[in-house]
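The structure file upload_8.csv is reproduced below (CSV, C-alpha atoms).
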```
chain,number,residue,atom,x,y,z
A,207,MET,CA,12.2,110.1,32.2
A,208,ALA,CA,15.6,108.6,31.3
A,209,GLU,CA,17.2,112.0,31.6
A,210,SER,CA,15.9,112.6,35.1
A,211,HIS,CA,17.1,109.1,36.1
A,212,LEU,CA,20.6,110.0,34.9
A,213,ASN,CA,20.5,113.3,36.8
A,214,GLY,CA,19.7,111.6,40.0
A,215,ALA,CA,22.2,108.7,39.7
A,216,TYR,CA,23.9,107.6,42.9
A,217,TYR,CA,27.7,107.5,42.8
A,218,GLY,CA,28.3,106.4,46.4
A,219,PRO,CA,29.6,108.3,49.4
A,220,SER,CA,32.0,111.1,49.0
A,221,ILE,CA,35.7,110.4,49.6
A,222,PRO,CA,37.1,112.6,52.4
A,223,PRO,CA,40.2,114.7,51.6
A,224,ARG,CA,43.6,113.2,52.5
A,225,SER,CA,44.8,114.4,55.9
A,226,LYS,CA,48.2,116.2,55.8
A,227,THR,CA,50.9,115.1,58.2
A,228,TYR,CA,53.7,117.2,59.6
A,229,HIS,CA,57.1,116.1,60.9
A,230,ARG,CA,58.6,118.1,63.7
A,231,HIS,CA,62.4,117.9,63.8
A,232,GLY,CA,64.0,117.0,67.1
A,233,ARG,CA,61.1,114.8,68.4
A,234,GLY,CA,60.1,111.2,68.1
A,235,SER,CA,62.3,108.2,67.8
A,236,SER,CA,64.9,109.8,65.6
A,237,CYS,CA,68.4,110.1,67.1
A,238,ASN,CA,71.3,112.4,66.5
A,239,PRO,CA,74.2,110.3,65.3
A,240,CYS,CA,76.7,112.0,67.6
A,241,SER,CA,74.5,111.7,70.6
A,242,CYS,CA,73.8,108.0,70.0
A,243,LEU,CA,77.5,107.3,69.6
A,244,PHE,CA,78.3,109.1,72.9
A,245,ASP,CA,75.6,107.1,74.7
A,246,CYS,CA,76.9,103.9,73.3
A,247,LEU,CA,80.4,104.6,74.3
A,248,CYS,CA,79.3,105.6,77.9
A,249,ASN,CA,77.4,102.4,78.3
A,250,CYS,CA,80.3,100.3,77.0
A,251,PHE,CA,82.7,102.1,79.3
A,252,PHE,CA,80.6,101.6,82.5
A,253,LYS,CA,80.1,98.0,81.6
A,254,ILE,CA,83.8,97.4,81.3
A,255,ILE,CA,84.5,99.2,84.6
A,256,PHE,CA,81.8,97.2,86.4
A,257,THR,CA,83.2,93.9,84.9
A,258,LEU,CA,86.7,94.8,86.0
A,259,LEU,CA,85.6,95.6,89.5
A,260,ILE,CA,83.9,92.3,89.8
A,261,ILE,CA,87.0,90.4,88.5
A,262,LEU,CA,89.3,92.3,90.9
A,263,GLY,CA,86.9,91.6,93.8
A,264,VAL,CA,86.9,87.9,92.9
A,265,ILE,CA,90.7,87.8,92.7
A,266,ALA,CA,91.1,89.6,96.0
A,267,LEU,CA,88.7,87.1,97.7
A,268,VAL,CA,90.5,84.1,96.2
A,269,LEU,CA,93.9,85.5,97.3
A,270,TRP,CA,92.6,86.2,100.8
A,271,LEU,CA,91.1,82.7,101.1
A,272,VAL,CA,94.4,81.1,99.9
A,273,LEU,CA,96.9,83.3,101.8
A,274,ARG,CA,94.8,84.0,105.0
A,275,PRO,CA,97.0,86.9,106.0
A,276,ASN,CA,97.6,87.5,109.7
A,277,LYS,CA,98.8,90.6,111.4
A,278,VAL,CA,102.6,91.0,112.0
A,279,LYS,CA,103.4,91.3,115.7
A,280,PHE,CA,106.0,93.7,117.1
A,281,TYR,CA,107.4,93.6,120.6
A,282,VAL,CA,109.9,95.5,122.7
A,283,THR,CA,111.6,92.6,124.5
A,284,ASP,CA,114.2,94.6,126.5
A,285,ALA,CA,115.3,98.1,127.0
A,286,THR,CA,118.4,99.6,128.7
A,287,LEU,CA,118.4,103.3,129.8
A,288,THR,CA,121.8,104.4,131.2
A,289,GLN,CA,121.2,108.2,131.0
A,290,PHE,CA,118.3,110.5,130.8
A,291,ASP,CA,119.0,113.9,132.3
A,292,LEU,CA,116.9,117.0,131.5
A,293,SER,CA,118.3,120.4,132.1
A,294,ASN,CA,115.9,122.9,133.5
A,295,THR,CA,118.0,125.9,132.3
A,296,ASN,CA,118.2,125.1,128.6
A,297,ASN,CA,115.6,122.3,128.1
A,298,THR,CA,118.4,119.9,126.8
A,299,VAL,CA,118.1,116.2,127.5
A,300,HIS,CA,121.1,113.9,127.5
A,301,TYR,CA,120.1,110.3,126.8
A,302,ASP,CA,121.4,106.8,126.2
A,303,LEU,CA,118.7,104.3,125.4
A,304,ALA,CA,119.0,100.9,123.7
A,305,LEU,CA,116.2,98.6,122.7
A,306,ASN,CA,115.8,95.0,121.7
A,307,MET,CA,112.7,94.4,119.5
A,308,THR,CA,111.3,91.4,117.7
A,309,ILE,CA,109.1,91.2,114.6
A,310,ARG,CA,107.0,88.0,114.3
A,311,ASN,CA,105.6,87.2,110.8
A,312,PRO,CA,103.0,84.4,111.5
A,313,ASN,CA,102.0,84.0,107.8
A,314,LYS,CA,102.7,80.8,106.0
A,315,ARG,CA,102.8,82.1,102.5
A,316,ILE,CA,103.7,85.8,102.8
A,317,GLY,CA,107.2,87.3,103.1
A,318,ILE,CA,107.9,91.0,103.9
A,319,TYR,CA,110.4,93.4,102.4
A,320,TYR,CA,111.3,96.1,105.0
A,321,ASP,CA,112.7,98.7,102.5
A,322,ALA,CA,113.0,101.5,105.1
A,323,ILE,CA,112.7,101.7,108.9
A,324,GLU,CA,112.9,104.9,110.9
A,325,ALA,CA,112.8,104.6,114.7
A,326,ARG,CA,111.8,107.7,116.8
A,327,ALA,CA,112.2,107.9,120.5
A,328,MET,CA,109.5,110.0,122.3
A,329,TYR,CA,109.1,111.3,125.8
A,330,GLN,CA,105.7,112.7,126.9
A,331,GLY,CA,104.8,113.3,123.3
A,332,GLU,CA,108.0,115.0,122.3
A,333,ARG,CA,110.6,113.4,120.0
A,334,PHE,CA,114.1,113.5,121.4
A,335,ALA,CA,115.9,111.1,119.1
A,336,SER,CA,115.6,109.2,115.8
A,337,THR,CA,117.7,106.6,113.9
A,338,ASN,CA,117.4,104.7,110.6
A,339,LEU,CA,117.7,100.9,110.7
A,340,GLU,CA,119.0,98.6,108.0
A,341,PRO,CA,116.5,97.3,105.5
A,342,PHE,CA,116.0,93.5,105.2
A,343,TYR,CA,113.7,90.7,104.0
A,344,GLN,CA,111.7,88.6,106.4
A,345,GLY,CA,110.5,85.2,105.3
A,346,HIS,CA,107.2,83.5,106.2
A,347,LYS,CA,106.8,82.0,109.7
A,348,ASN,CA,109.9,83.9,110.8
A,349,THR,CA,111.0,86.1,113.8
A,350,SER,CA,113.4,88.9,113.1
A,351,SER,CA,115.2,91.3,115.6
A,352,LEU,CA,115.8,95.0,115.6
A,353,HIS,CA,118.3,96.8,117.9
A,354,PRO,CA,117.7,100.6,117.7
A,355,VAL,CA,120.1,102.7,119.8
A,356,PHE,CA,119.5,106.3,120.8
A,357,LYS,CA,122.4,108.2,122.3
A,358,GLY,CA,123.2,112.0,122.4
A,359,GLN,CA,121.5,115.2,123.4
A,360,SER,CA,118.6,117.3,122.0
A,361,LEU,CA,116.3,120.1,122.8
A,362,VAL,CA,113.0,119.0,124.3
A,363,LEU,CA,110.3,121.6,125.1
A,364,LEU,CA,108.2,120.4,128.0
A,365,GLY,CA,105.4,122.2,129.8
A,366,ASP,CA,105.2,122.6,133.6
A,367,ARG,CA,103.0,119.5,133.9
A,368,GLU,CA,105.4,117.4,131.9
A,369,LYS,CA,108.4,118.7,133.9
A,370,SER,CA,106.6,117.8,137.1
A,371,ASN,CA,106.1,114.2,135.7
A,372,TYR,CA,109.8,114.1,134.8
A,373,ASP,CA,110.7,115.0,138.4
A,374,ASN,CA,108.4,112.2,139.7
A,375,GLU,CA,109.8,109.6,137.3
A,376,LYS,CA,113.4,110.7,138.2
A,377,ASN,CA,112.7,110.1,141.9
A,378,LEU,CA,111.2,106.7,141.1
A,379,GLY,CA,114.0,105.8,138.7
A,380,VAL,CA,111.5,104.6,136.0
A,381,TYR,CA,110.6,106.5,132.9
A,382,GLU,CA,107.6,106.1,130.6
A,383,MET,CA,108.7,106.3,127.0
A,384,GLU,CA,107.5,105.6,123.5
A,385,VAL,CA,109.2,104.4,120.3
A,386,LYS,CA,107.5,104.8,117.0
A,387,LEU,CA,108.6,102.9,113.9
A,388,TYR,CA,107.8,104.4,110.5
A,389,MET,CA,108.2,101.9,107.7
A,390,ARG,CA,108.0,101.3,104.0
A,391,ILE,CA,107.3,97.6,103.3
A,392,ARG,CA,106.2,95.3,100.5
A,393,LEU,CA,104.5,92.0,100.8
A,394,LYS,CA,105.6,89.0,98.7
A,395,ALA,CA,103.4,86.0,98.0
A,396,GLY,CA,104.9,83.6,95.5
A,397,TRP,CA,105.8,85.8,92.5
A,398,ILE,CA,103.4,88.5,93.5
A,399,LYS,CA,104.8,91.7,95.2
A,400,THR,CA,102.6,94.5,96.4
A,401,HIS,CA,103.2,98.2,96.1
A,402,LYS,CA,104.9,99.9,99.0
A,403,ILE,CA,102.8,100.1,102.2
A,404,LYS,CA,103.5,102.6,105.0
A,405,PRO,CA,102.6,101.1,108.4
A,406,LYS,CA,103.3,102.9,111.7
A,407,ILE,CA,104.1,101.0,114.9
A,408,GLU,CA,103.8,102.5,118.3
A,409,CYS,CA,105.4,101.0,121.4
A,410,ASP,CA,104.7,102.4,124.9
A,411,PHE,CA,106.9,101.0,127.7
A,412,LYS,CA,108.4,101.8,131.1
A,413,VAL,CA,112.2,101.5,131.4
A,414,PRO,CA,114.2,101.7,134.7
A,415,LEU,CA,117.3,103.9,134.8
A,416,GLU,CA,120.6,102.1,135.3
A,417,THR,CA,123.3,103.8,137.2
A,418,ASN,CA,126.8,102.3,137.8
A,419,GLY,CA,125.6,99.1,136.2
A,420,ARG,CA,122.6,98.8,138.6
A,421,SER,CA,119.0,99.5,137.8
A,422,SER,CA,116.2,100.5,140.1
A,423,SER,CA,114.0,97.9,141.8
A,424,ALA,CA,111.7,97.8,138.8
A,425,ASN,CA,112.2,95.3,136.1
A,426,PHE,CA,111.5,95.8,132.4
A,427,GLU,CA,108.4,94.0,131.1
A,428,GLU,CA,108.1,92.9,127.5
A,429,THR,CA,105.7,95.1,125.7
A,430,ARG,CA,103.6,94.4,122.6
A,431,CYS,CA,103.4,97.3,120.1
A,432,HIS,CA,100.4,98.6,118.3
A,433,LEU,CA,100.3,98.3,114.5
A,434,ASP,CA,98.5,100.9,112.5
A,435,TRP,CA,98.2,100.3,108.7
```

If you took the structure in this file and wrote it as structure tokens, what would it be?
Amino acid sequence: MAESHLNGAYYGPSIPPRSKTYHRHGRGSSCNPCSCLFDCLCNCFFKIIFTLLIILGVIALVLWLVLRPNKVKFYVTDATLTQFDLSNTNNTVHYDLALNMTIRNPNKRIGIYYDAIEARAMYQGERFASTNLEPFYQGHKNTSSLHPVFKGQSLVLLGDREKSNYDNEKNLGVYEMEVKLYMRIRLKAGWIKTHKIKPKIECDFKVPLETNGRSSSANFEETRCHLDW
């Protein structure tokens, strides 16, 4: 009786076998040290660039609010044309043109260094003369004068339409011309100086021809030029 009791003793539920786990390389939360370092450097780099852009934007806004820059104004105040003869045989033009120009700087806190100025005289889209003017510094709230002079002869290739326009203007005694100024300038505000800027100024005007000290019945009208930054 006791032996049968021992044979049928209850030892509790059986313990299930331990499950085996496998680790697969390259997956999960593990990170390659080189890859993690590269990601960290990229994040830091973009954060620095973004911060610098914000700082530069704030500085530019503050400078604009403080300086309040206004456009410089260019005018052709007077022009004298004593010769403008185009030869139909060899397309050579003989010219003598003198201009008086003014540059008005309306800014209260900005000065301008005119490091280089090239003046080009144009007729119906063709350049017939050019000259370099002396560099100078223009203070704030200041008006400066330029006096480009074009004299000599050059080859000008005009089409039939342009030659017809020349004949009409010759009969009227008034010529439509254009002067372009190519500049290299720097702006100065206090101790700050900008890098060189290359604006282009275009001046379209009509000038009467003077012969023997007398001009045609037309009078020269002051012309404001177009400034292209």

| query | Which residue out of A:Lys376, A:Lys399, A:Arg392, A:Lys314 has the minimum interatomic distance to Gln289 in chain A when only C-alpha atoms are used? | reply |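 Checking each of A:Lys376, A:Lys399, A:Arg392, A:Lys314 against Gln289 in chain A, counting only C-alpha atoms, the winner is A:Lys376.
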
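Atom to atom, CA of Pro354 in chain A and CA of Leu305 in chain A stand 5.6 Å apart.
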
| Please, what distance in Å, to one decimal, runs between CA of Ala327 in chain A and CA of Asn377 in chain A? |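 Taking CA of Ala327 in chain A as the start and CA of Asn377 in chain A as the end point, the length is 21.5 Å.
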
| note | In terms of only C-alpha atoms, the residue from A:Leu292, A:Leu339, A:Ile318, A:Val413 at minimal distance from Gly396 in chain A is A:Ile318

| query | Could you state the separation of CA of Gln330 in chain A and CA of His353 in chain A in Å, given to one decimal place? | reply | 22.2 Å

Name the residues in contact with Ala322 in chain A at a cut-off of 7 Å, using all atoms listed in the file, excluding same-chain residues fewer than 6 positions from it; report them as a tab-separated table (two decimals) with C-alpha atoms, in the coordinates of the input.
```
chain	number	residue	atom	x	y	z
A	341	PRO	CA	116.50	97.30	105.50
A	389	MET	CA	108.20	101.90	107.70
A	390	ARG	CA	108.00	101.30	104.00
```

| field | Phe290 in chain A environment, 9 Å, only C-alpha atoms, sequence neighbours closer than 2 positions dropped, as a PyMOL selection string | value | chain A and resi 287-288+292+299-303+376+381+415

Would you put the residues from that selection into a file with C-alpha atoms, as a compact mmCIF listing (two decimals), in the frame of the given file?
```txt
# COMPACT_ATOMS: atom_id res chain seq x y z
CA LEU A 287 118.40 103.30 129.80
CA THR A 288 121.80 104.40 131.20
CA LEU A 292 116.90 117.00 131.50
CA VAL A 299 118.10 116.20 127.50
CA HIS A 300 121.10 113.90 127.50
CA TYR A 301 120.10 110.30 126.80
CA ASP A 302 121.40 106.80 126.20
CA LEU A 303 118.70 104.30 125.40
CA LYS A 376 113.40 110.70 138.20
CA TYR A 381 110.60 106.50 132.90
CA LEU A 415 117.30 103.90 134.80
```

| said: Give me the residues near Lys279 in chain A as a count of residues only, where near means some atom within 9 Å (using only C-alpha atoms) and where sequence neighbours in that chain fewer than 6 positions away do not count. | reply: 9

| request: Excluding Tyr343 in chain A and any residue of its chain fewer than 4 positions from it, enumerate the residues within 9 Å of it, using only C-alpha atoms, and give them as JSON, numbers by chain. | output: {"A": [317, 318, 319, 320, 321]}

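For the choices A:Lys386, A:Arg333, A:Lys394, A:Lys404, the atom-to-atom distance to Met307 in chain A is smallest for A:Lys386 when using only C-alpha atoms.
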
| request: Determine the nearest neighbour of Asp284 in chain A from the options A:Asn306, A:Thr257, A:Thr349, A:Asn425, counting only C-alpha atoms. | output: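 Of all the options, A:Asn306 lies closest to Asp284 in chain A.
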
| said: Taking only C-alpha atoms into account, name the residue in A:Phe252, A:Leu393, A:Thr400, A:Thr298 that is nearest to Leu361 in chain A. | reply: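 So, comparing all the options, the nearest one is A:Thr298.
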
| request: Go through A:Ile398, A:Ala325, A:Leu363, A:Val278 and flag the residue nearest Lys347 in chain A, using only C-alpha atoms for the distances. | output: A:Val278

Which residues of range 320-415 of chain A sit at most 12 Å from range 294-297 of chain A, using all atoms listed in the file? Give each one's shortest atom pair and distance in Å (one decimal place), in chain and ascending residue order, as a Markdown table.
```
| residue | atom | partner | partner_atom | distance |
| --- | --- | --- | --- | --- |
| A:Phe334 | CA | A:Asn297 | CA | 11.2 |
| A:Gln359 | CA | A:Asn297 | CA | 10.4 |
| A:Ser360 | CA | A:Asn297 | CA | 8.4 |
| A:Leu361 | CA | A:Asn297 | CA | 5.8 |
| A:Val362 | CA | A:Asn297 | CA | 5.7 |
| A:Leu363 | CA | A:Asn297 | CA | 6.1 |
| A:Leu364 | CA | A:Asn297 | CA | 7.6 |
| A:Gly365 | CA | A:Asn297 | CA | 10.3 |
| A:Asp366 | CA | A:Asn294 | CA | 10.7 |
| A:Glu368 | CA | A:Asn297 | CA | 11.9 |
| A:Lys369 | CA | A:Asn294 | CA | 8.6 |
| A:Ser370 | CA | A:Asn294 | CA | 11.2 |
| A:Tyr372 | CA | A:Asn294 | CA | 10.8 |
| A:Asp373 | CA | A:Asn294 | CA | 10.7 |
```

| Using all atoms listed in the file, which residues sit within 6 Å of Glu324 in chain A once same-chain residues fewer than 2 positions away are excluded, as a PyMOL selection string? | chain A and resi 337-338+387-388
